[in-house]
>>> print(open('upload.txt').read())   # compact mmCIF, C-alpha atoms
# COMPACT_ATOMS: atom_id res chain seq x y z
CA MET A 90 -22.70 15.01 15.44
CA GLN A 91 -22.36 16.70 18.80
CA GLN A 92 -18.75 17.20 19.92
CA ILE A 93 -17.83 16.55 23.53
CA THR A 94 -15.81 18.95 25.64
CA SER A 95 -15.07 16.82 28.70
CA LEU A 96 -14.85 13.20 29.73
CA THR A 97 -18.44 12.99 30.92
CA SER A 98 -20.08 15.40 28.45
CA PRO A 99 -22.98 13.43 27.01
CA MET A 100 -24.01 12.89 23.43
CA LYS A 101 -27.64 12.23 22.58
CA LEU A 102 -28.51 9.03 20.80
CA SER A 103 -31.34 8.95 18.28
CA ASN A 104 -33.80 7.93 21.01
CA GLU A 105 -32.67 10.88 23.21
CA VAL A 106 -30.76 8.61 25.63
CA GLN A 107 -27.59 10.35 26.76
CA ILE A 108 -24.29 8.50 26.40
CA PRO A 109 -21.01 9.79 27.85
CA GLY A 110 -18.77 10.87 25.00
CA MET A 111 -15.83 8.72 26.07
CA GLY A 112 -15.80 5.23 27.55
CA PHE A 113 -13.53 2.70 29.19
CA GLY A 114 -12.93 -0.60 27.42
CA THR A 115 -12.32 -3.95 29.09
CA PHE A 116 -11.37 -6.21 26.16
CA GLN A 117 -8.64 -8.68 27.22
CA THR A 118 -8.69 -7.36 30.78
CA PRO A 119 -8.09 -10.41 33.00
CA THR A 120 -10.96 -11.27 35.28
CA GLU A 121 -8.78 -11.17 38.38
CA ILE A 122 -8.04 -7.46 37.92
CA THR A 123 -11.18 -6.25 36.10
CA ARG A 124 -12.96 -5.04 39.24
CA LYS A 125 -9.86 -3.10 40.32
CA VAL A 126 -9.23 -1.37 36.99
CA VAL A 127 -12.90 -0.52 36.43
CA LEU A 128 -13.02 1.06 39.89
CA GLU A 129 -9.87 3.02 39.01
CA ALA A 130 -11.52 4.16 35.77
CA LEU A 131 -14.62 5.30 37.64
CA GLU A 132 -12.43 7.13 40.14
CA ALA A 133 -10.64 8.83 37.24
CA GLY A 134 -13.97 10.15 35.98
CA TYR A 135 -15.14 7.61 33.42
CA ARG A 136 -18.88 7.06 33.51
CA HIS A 137 -19.12 4.72 30.53
CA ILE A 138 -17.92 1.11 30.85
CA ASP A 139 -17.81 -1.31 27.90
CA THR A 140 -17.75 -5.10 28.25
CA ALA A 141 -19.03 -8.14 26.33
CA ALA A 142 -20.08 -11.70 27.00
CA VAL A 143 -17.04 -13.06 25.17
CA TYR A 144 -14.66 -10.98 27.31
CA GLY A 145 -15.48 -13.21 30.27
CA ASN A 146 -15.49 -10.31 32.74
CA GLU A 147 -19.11 -9.13 32.87
CA ALA A 148 -19.46 -10.27 36.49
CA GLU A 149 -16.42 -8.26 37.56
CA VAL A 150 -17.59 -5.17 35.67
CA GLY A 151 -20.98 -5.37 37.36
CA GLN A 152 -19.35 -5.83 40.76
CA ALA A 153 -17.21 -2.73 40.23
CA VAL A 154 -20.25 -0.65 39.25
CA ARG A 155 -22.08 -1.81 42.38
CA ASP A 156 -19.06 -1.25 44.62
CA SER A 157 -18.24 2.20 43.22
CA GLY A 158 -20.67 4.09 45.44
CA LEU A 159 -22.03 5.85 42.34
CA ASN A 160 -25.73 5.94 41.56
CA ARG A 161 -26.61 3.32 38.97
CA GLN A 162 -28.08 5.92 36.63
CA ASP A 163 -24.76 7.77 36.61
CA VAL A 164 -22.82 4.88 35.04
CA PHE A 165 -23.48 3.88 31.43
CA VAL A 166 -22.85 0.14 30.95
CA THR A 167 -22.58 -1.64 27.61
CA SER A 168 -22.38 -5.35 26.82
CA LYS A 169 -22.54 -7.40 23.63
CA LEU A 170 -24.10 -10.57 22.26
CA TRP A 171 -21.54 -13.12 21.11
CA ASN A 172 -21.66 -14.73 17.68
CA SER A 173 -22.62 -18.20 18.89
CA GLU A 174 -25.86 -16.80 20.36
CA ARG A 175 -27.33 -15.23 17.24
CA GLY A 176 -31.01 -15.76 16.44
CA TYR A 177 -34.21 -14.71 18.17
CA ASP A 178 -34.54 -17.31 20.94
CA LYS A 179 -30.82 -17.67 21.65
CA THR A 180 -30.43 -13.89 21.89
CA LEU A 181 -33.15 -13.60 24.52
CA ALA A 182 -31.55 -16.39 26.57
CA ALA A 183 -28.06 -14.92 26.20
CA PHE A 184 -29.25 -11.52 27.39
CA ASP A 185 -30.67 -13.08 30.56
CA LYS A 186 -27.29 -14.67 31.25
CA THR A 187 -25.50 -11.37 30.67
CA MET A 188 -27.78 -9.62 33.14
CA ASP A 189 -27.30 -12.39 35.72
CA ARG A 190 -23.53 -12.01 35.42
CA LEU A 191 -23.64 -8.22 35.60
CA GLY A 192 -26.03 -8.24 38.55
CA LEU A 193 -27.73 -5.08 37.28
CA ASP A 194 -31.42 -4.25 36.90
CA TYR A 195 -31.05 -2.88 33.39
CA LEU A 196 -28.45 -2.40 30.69
CA ASP A 197 -27.74 0.96 29.10
CA LEU A 198 -26.61 -0.40 25.72
CA TYR A 199 -26.62 -3.87 24.16
CA LEU A 200 -24.83 -4.56 20.89
CA ILE A 201 -24.68 -7.38 18.32
CA HIS A 202 -20.96 -8.07 18.53
CA TRP A 203 -20.35 -9.04 14.87
CA PRO A 204 -22.65 -9.30 11.86
CA ALA A 205 -23.40 -12.71 10.42
CA ASN A 206 -21.61 -12.61 7.08
CA ARG A 207 -22.01 -14.34 3.74
CA LYS A 208 -18.61 -16.02 4.02
CA GLN A 209 -20.00 -18.16 6.84
CA PHE A 210 -23.75 -18.15 6.22
CA GLY A 211 -24.22 -17.41 2.51
CA ALA A 212 -27.50 -15.81 1.51
CA ASP A 213 -28.93 -16.58 4.96
CA ALA A 214 -26.74 -13.95 6.68
CA PRO A 215 -29.25 -11.04 6.42
CA ARG A 216 -32.04 -13.20 7.86
CA ILE A 217 -29.86 -14.22 10.82
CA ASN A 218 -29.01 -10.60 11.57
CA ALA A 219 -32.67 -9.60 11.24
CA GLU A 220 -33.85 -12.33 13.62
CA THR A 221 -31.21 -11.38 16.16
CA TRP A 222 -32.22 -7.75 15.86
CA ARG A 223 -35.90 -8.65 16.35
CA ALA A 224 -34.96 -9.97 19.79
CA PHE A 225 -33.04 -6.77 20.49
CA GLU A 226 -36.13 -4.74 19.62
CA GLU A 227 -38.22 -6.82 22.01
CA LEU A 228 -35.72 -6.33 24.84
CA TYR A 229 -35.61 -2.61 24.12
CA ARG A 230 -39.39 -2.27 24.17
CA SER A 231 -39.51 -4.16 27.47
CA GLY A 232 -37.39 -1.46 29.10
CA ARG A 233 -34.58 -3.82 30.08
CA ILE A 234 -32.20 -1.98 27.74
CA LYS A 235 -32.04 1.79 27.33
CA ALA A 236 -30.48 1.66 23.85
CA ILE A 237 -29.61 -0.99 21.27
CA GLY A 238 -27.02 -1.12 18.55
CA VAL A 239 -24.48 -3.13 16.63
CA SER A 240 -20.74 -3.62 16.49
CA ASN A 241 -18.50 -4.18 13.47
CA PHE A 242 -21.39 -3.53 11.07
CA LEU A 243 -20.29 -1.77 7.89
CA PRO A 244 -22.63 0.12 5.53
CA ASN A 245 -23.59 -3.02 3.60
CA HIS A 246 -24.68 -4.77 6.81
CA LEU A 247 -26.51 -1.68 8.05
CA GLU A 248 -28.34 -1.26 4.74
CA GLU A 249 -29.71 -4.79 5.00
CA LEU A 250 -30.71 -4.34 8.64
CA LEU A 251 -32.35 -0.96 8.08
CA ALA A 252 -34.50 -2.50 5.34
CA THR A 253 -36.26 -4.80 7.83
CA CYS A 254 -35.92 -3.30 11.31
CA GLN A 255 -38.64 -1.47 13.21
CA VAL A 256 -36.20 0.24 15.61
CA GLN A 257 -33.05 1.63 14.01
CA PRO A 258 -29.69 0.86 15.66
CA MET A 259 -28.61 3.77 17.84
CA VAL A 260 -24.90 2.88 17.97
CA ASP A 261 -22.31 1.15 15.81
CA GLN A 262 -19.08 0.22 17.60
CA ILE A 263 -16.29 -0.28 15.06
CA GLU A 264 -12.50 -0.36 15.01
CA VAL A 265 -11.30 3.21 14.42
CA HIS A 266 -7.81 4.61 14.92
CA PRO A 267 -5.12 6.33 12.85
CA GLY A 268 -4.17 3.89 10.13
CA TRP A 269 -7.70 2.44 10.05
CA PRO A 270 -10.03 5.46 9.92
CA GLN A 271 -13.15 3.70 8.55
CA ALA A 272 -14.17 7.03 7.02
CA GLU A 273 -16.93 5.55 4.82
CA ALA A 274 -18.55 3.72 7.74
CA VAL A 275 -18.28 6.77 10.01
CA ARG A 276 -19.89 9.03 7.39
CA TYR A 277 -22.67 6.49 6.74
CA CYS A 278 -23.49 6.20 10.44
CA HIS A 279 -23.50 9.94 11.01
CA ARG A 280 -25.78 10.48 8.00
CA HIS A 281 -28.22 7.98 9.49
CA ASN A 282 -28.01 9.38 13.04
CA ILE A 283 -26.17 6.31 14.34
CA ALA A 284 -23.54 7.16 16.96
CA VAL A 285 -20.08 5.71 16.32
CA GLU A 286 -17.96 4.20 19.05
CA ALA A 287 -14.30 3.32 18.46
CA TRP A 288 -12.88 0.09 19.81
CA ALA A 289 -9.07 -0.17 19.81
CA PRO A 290 -8.94 3.64 19.48
CA LEU A 291 -5.19 3.61 20.14
CA GLY A 292 -4.47 0.85 17.65
CA GLU A 293 -1.21 -0.89 18.45
CA ALA A 294 2.34 0.16 19.34
CA ALA A 295 3.27 1.13 15.79
CA ILE A 296 0.68 3.92 15.85
CA LEU A 297 2.00 5.39 19.09
CA SER A 298 5.53 5.47 17.67
CA ASP A 299 4.50 6.92 14.28
CA GLU A 300 6.65 9.97 13.56
CA VAL A 301 3.76 12.11 12.30
CA ILE A 302 1.64 11.46 15.38
CA LYS A 303 4.63 11.94 17.66
CA ALA A 304 5.36 15.32 16.07
CA VAL A 305 1.78 16.49 16.65
CA ALA A 306 1.93 15.21 20.23
CA ASP A 307 5.17 17.11 20.85
CA LYS A 308 3.62 20.31 19.51
CA TYR A 309 0.78 20.15 22.04
CA ARG A 310 2.87 18.65 24.85
CA HIS A 311 0.64 15.62 24.99
CA THR A 312 1.21 11.93 24.36
CA PRO A 313 0.60 10.13 21.03
CA ALA A 314 -2.24 8.24 22.73
CA GLN A 315 -3.89 11.50 23.73
CA VAL A 316 -3.57 12.78 20.15
CA CYS A 317 -5.25 9.62 18.81
CA LEU A 318 -8.14 10.01 21.23
CA ARG A 319 -8.48 13.71 20.45
CA TRP A 320 -8.53 12.92 16.72
CA GLU A 321 -11.49 10.58 17.29
CA VAL A 322 -13.39 12.92 19.60
CA GLN A 323 -13.14 15.77 17.09
CA GLN A 324 -14.87 13.55 14.53
CA GLY A 325 -17.81 13.05 16.88
CA ILE A 326 -16.65 9.49 17.63
CA ILE A 327 -16.86 7.98 21.13
CA PRO A 328 -13.50 6.33 21.90
CA LEU A 329 -13.25 3.37 24.27
CA PRO A 330 -9.61 3.25 25.39
CA LYS A 331 -8.54 0.44 27.69
CA SER A 332 -5.65 0.06 30.06
CA VAL A 333 -4.78 -1.89 33.19
CA HIS A 334 -2.35 0.79 34.40
CA GLN A 335 -3.75 3.46 36.71
CA ASP A 336 -1.50 6.22 35.36
CA ARG A 337 -2.52 5.55 31.76
CA ILE A 338 -6.18 5.25 32.71
CA ARG A 339 -5.94 8.80 34.04
CA GLU A 340 -3.68 10.04 31.25
CA ASN A 341 -6.21 9.00 28.61
CA THR A 342 -8.79 11.36 30.13
CA LEU A 343 -6.61 14.46 29.64
CA ILE A 344 -7.54 15.32 26.05
CA PHE A 345 -9.85 18.30 26.45
CA ASP A 346 -7.31 21.10 26.87
CA PHE A 347 -6.14 21.19 23.23
CA GLU A 348 -7.67 21.02 19.76
CA LEU A 349 -6.20 19.66 16.54
CA SER A 350 -6.29 21.86 13.46
CA GLU A 351 -8.16 20.74 10.34
CA ASP A 352 -4.84 20.12 8.60
CA GLU A 353 -3.65 17.97 11.52
CA MET A 354 -6.93 16.05 11.48
CA ASP A 355 -6.48 15.33 7.76
CA LEU A 356 -2.82 14.42 8.16
CA ILE A 357 -3.51 11.94 10.97
CA GLY A 358 -6.48 10.56 9.05
CA SER A 359 -4.28 9.91 6.01
CA ARG A 360 -1.93 7.57 7.88
CA ARG A 361 -2.02 3.95 6.65
CA HIS A 362 -0.40 0.63 7.50
CA ILE A 363 0.70 1.60 11.01
CA GLY A 364 -0.87 -1.06 13.16
CA GLY A 365 -4.14 -2.28 14.58
CA HIS A 366 -6.37 -5.33 14.26
CA CYS A 367 -7.86 -4.11 10.94
CA GLN A 368 -10.46 -6.88 10.91
CA VAL A 369 -12.75 -6.98 7.88
CA PRO A 370 -16.19 -8.13 9.13
CA ASP A 371 -17.09 -9.87 5.88
CA GLN A 372 -13.93 -11.99 6.09
CA VAL A 373 -14.00 -13.20 9.71
CA THR A 374 -14.87 -16.83 10.40
CA PHE A 375 -15.45 -16.79 14.16
>>> encode(input="upload.txt", output="structure tokens")
Amino acid sequence: MQQITSLTSPMKLSNEVQIPGMGFGTFQTPTEITRKVVLEALEAGYRHIDTAAVYGNEAEVGQAVRDSGLNRQDVFVTSKLWNSERGYDKTLAAFDKTMDRLGLDYLDLYLIHWPANRKQFGADAPRINAETWRAFEELYRSGRIKAIGVSNFLPNHLEELLATCQVQPMVDQIEVHPGWPQAEAVRYCHRHNIAVEAWAPLGEAAILSDEVIKAVADKYRHTPAQVCLRWEVQQGIIPLPKSVHQDRIRENTLIFDFELSEDEMDLIGSRRHIGGHCQVPDQVTF
């Protein structure tokens, strides 16, 4: 997997679409400040903005992209289909609503937010995912989306989808951070030429106060958050850090002037039980 060397250095997806190697997340960003913080992220150099229907801030993200003064083709925008809209017909309708809220002519990347799982849907789960994906393939072929993918799909979900799909997912966005490295899923995706994005790449406060990560940060005169992001980038993972604070938005971009050793990569990757959502897709009920 291609390693990025700056905030806007692109990676190539399997369909040759270029995706900036680091993005800006907007999960739990209040609607009243979303436009402001997305504009600040764009000013700081981000060219990859991640939102979702369930976040409730697609309209504000789209407004910020339009107000930024940047050319549309220079900003990579992602959104996601929420769980209540799975299935062929509902997916097509939900995408239209997403595009109306964003106010954009096309979407760079559209993701299935969570896989339908057997805990909720029994043996019907693979069929539901396949029907949802069939709508994604239609939207992709129509040119309204530049790339399509999934989120929170683990190897078992991907195996089932790959058995029936005509267009392979180009991206899998999963929770990855120290303490929750998802090594098996990352390896599976990379073997199948599926780019990996990391949501919650900084985990939670316990990770940023972990003594091992703090020691590495002190060595390089960087912050624990910067070390976490660097750890992900060096694995060929696209991190999607979020913040509503302008100084941290900028600080999170400053990770390309140092490189972790292989031993440091392994040490950070071995950390466990130090915070994060750590959601298991086959166990969720939402």
>>> closest_residue(input="upload.txt", among="A:Asn218, A:Gln162, A:Gln107, A:Gln271", to="Leu247 of chain A", atoms="all atoms listed in the file")
A:Asn218
>>> closest_atom_pairs(input="upload.txt", of="segment 101-183 of chain A", to="segment 334-355 of chain A", cutoff="10 Å", atoms="all atoms listed in the file", output="JSON lines")
{"residue": "A:Met111", "atom": "CA", "partner": "A:Thr342", "partner_atom": "CA", "distance": 8.5}
{"residue": "A:Gly112", "atom": "CA", "partner": "A:Thr342", "partner_atom": "CA", "distance": 9.7}
{"residue": "A:Phe113", "atom": "CA", "partner": "A:Ile338", "partner_atom": "CA", "distance": 8.5}
{"residue": "A:Lys125", "atom": "CA", "partner": "A:Gln335", "partner_atom": "CA", "distance": 9.7}
{"residue": "A:Val126", "atom": "CA", "partner": "A:Gln335", "partner_atom": "CA", "distance": 7.3}
{"residue": "A:Val127", "atom": "CA", "partner": "A:Ile338", "partner_atom": "CA", "distance": 9.6}
{"residue": "A:Glu129", "atom": "CA", "partner": "A:Gln335", "partner_atom": "CA", "distance": 6.6}
{"residue": "A:Ala130", "atom": "CA", "partner": "A:Ile338", "partner_atom": "CA", "distance": 6.3}
{"residue": "A:Leu131", "atom": "CA", "partner": "A:Ile338", "partner_atom": "CA", "distance": 9.8}
{"residue": "A:Glu132", "atom": "CA", "partner": "A:Arg339", "partner_atom": "CA", "distance": 9.1}
{"residue": "A:Ala133", "atom": "CA", "partner": "A:Arg339", "partner_atom": "CA", "distance": 5.7}
{"residue": "A:Gly134", "atom": "CA", "partner": "A:Thr342", "partner_atom": "CA", "distance": 7.9}
{"residue": "A:Tyr135", "atom": "CA", "partner": "A:Thr342", "partner_atom": "CA", "distance": 8.1}
>>> write_last_selection(input="upload.txt", atoms="C-alpha atoms", output="compact mmCIF listing (two decimals), keeping the file's coordinate frame")
# COMPACT_ATOMS: atom_id res chain seq x y z
CA MET A 111 -15.83 8.72 26.07
CA GLY A 112 -15.80 5.23 27.55
CA PHE A 113 -13.53 2.70 29.19
CA LYS A 125 -9.86 -3.10 40.32
CA VAL A 126 -9.23 -1.37 36.99
CA VAL A 127 -12.90 -0.52 36.43
CA GLU A 129 -9.87 3.02 39.01
CA ALA A 130 -11.52 4.16 35.77
CA LEU A 131 -14.62 5.30 37.64
CA GLU A 132 -12.43 7.13 40.14
CA ALA A 133 -10.64 8.83 37.24
CA GLY A 134 -13.97 10.15 35.98
CA TYR A 135 -15.14 7.61 33.42
>>> closest_residue(input="upload.txt", among="A:Pro204, A:Pro215, A:Pro119, A:Pro313", to="Ser173 of chain A", atoms="all atoms listed in the file")
A:Pro204
>>> atom_distance(input="upload.txt", atom1="atom CA of Val305 of chain A", atom2="atom CA of Tyr277 of chain A")
28.2 Å
>>> atom_distance(input="upload.txt", atom1="atom CA of Leu102 of chain A", atom2="atom CA of Ile138 of chain A")
16.6 Å
>>> closest_residue(input="upload.txt", among="A:Ala304, A:Ala274, A:Ala141, A:Ile263", to="Thr115 of chain A", atoms="all atoms listed in the file")
A:Ala141
>>> atom_distance(input="upload.txt", atom1="atom CA of Asp371 of chain A", atom2="atom CA of His281 of chain A")
21.3 Å
>>> residues_around(input="upload.txt", residues="Arg280 of chain A", least_positions_apart="6", cutoff="12 Å", atoms="all atoms listed in the file", output="list in words")
Met90, Ser103, Pro244, Glu273 and Ala274 of chain A
>>> residues_near_point(input="upload.txt", point="(-18.8, -16.9, 13.6)", cutoff="9 Å", atoms="only C-alpha atoms", output="number ranges by chain")
A: 171-173, 203-206, 209-210, 373-375
>>> closest_residue(input="upload.txt", among="A:Ala142, A:Ala252, A:Gly325, A:Arg207", to="Lys101 of chain A", atoms="all atoms listed in the file")
A:Gly325
>>> residues_near_point(input="upload.txt", point="(-7.4, -3.6, 31.0)", cutoff="7 Å", atoms="all atoms listed in the file", output="PyMOL selection string")
chain A and resi 115-118+123+126+331-333
>>> residues_around(input="upload.txt", residues="Asp178 of chain A", least_positions_apart="3", cutoff="8 Å", atoms="only C-alpha atoms", output="list in words")
Leu181, Ala182 and Ala224 of chain A
>>> residues_around(input="upload.txt", residues="Asn146 of chain A", least_positions_apart="2", cutoff="7 Å", atoms="all atoms listed in the file", output="list in words")
Thr120, Thr123, Tyr144, Ala148, Glu149 and Val150 of chain A
>>> closest_residue(input="upload.txt", among="A:Val322, A:Val143, A:Ile283, A:Val301", to="Ser95 of chain A", atoms="all atoms listed in the file")
A:Val322
>>> closest_residue(input="upload.txt", among="A:Ala214, A:Leu318, A:Leu159, A:Leu196", to="His246 of chain A", atoms="all atoms listed in the file")
A:Ala214
>>> axis_aligned_box(input="upload.txt", around="segment 247-265 of chain A", padding_each_side="6 Å", output="JSON")
{"center_x": -25.0, "center_y": -0.5, "center_z": 11.4, "size_x": 39.3, "size_y": 20.6, "size_z": 25.2}
>>> residues_around(input="upload.txt", residues="Ile302 of chain A", least_positions_apart="5", cutoff="8 Å", atoms="only C-alpha atoms", output="compact mmCIF listing (two decimals) with C-alpha atoms, in the frame of the given file")
# COMPACT_ATOMS: atom_id res chain seq x y z
CA ILE A 296 0.68 3.92 15.85
CA LEU A 297 2.00 5.39 19.09
CA PRO A 313 0.60 10.13 21.03
CA VAL A 316 -3.57 12.78 20.15
CA CYS A 317 -5.25 9.62 18.81
CA ILE A 357 -3.51 11.94 10.97
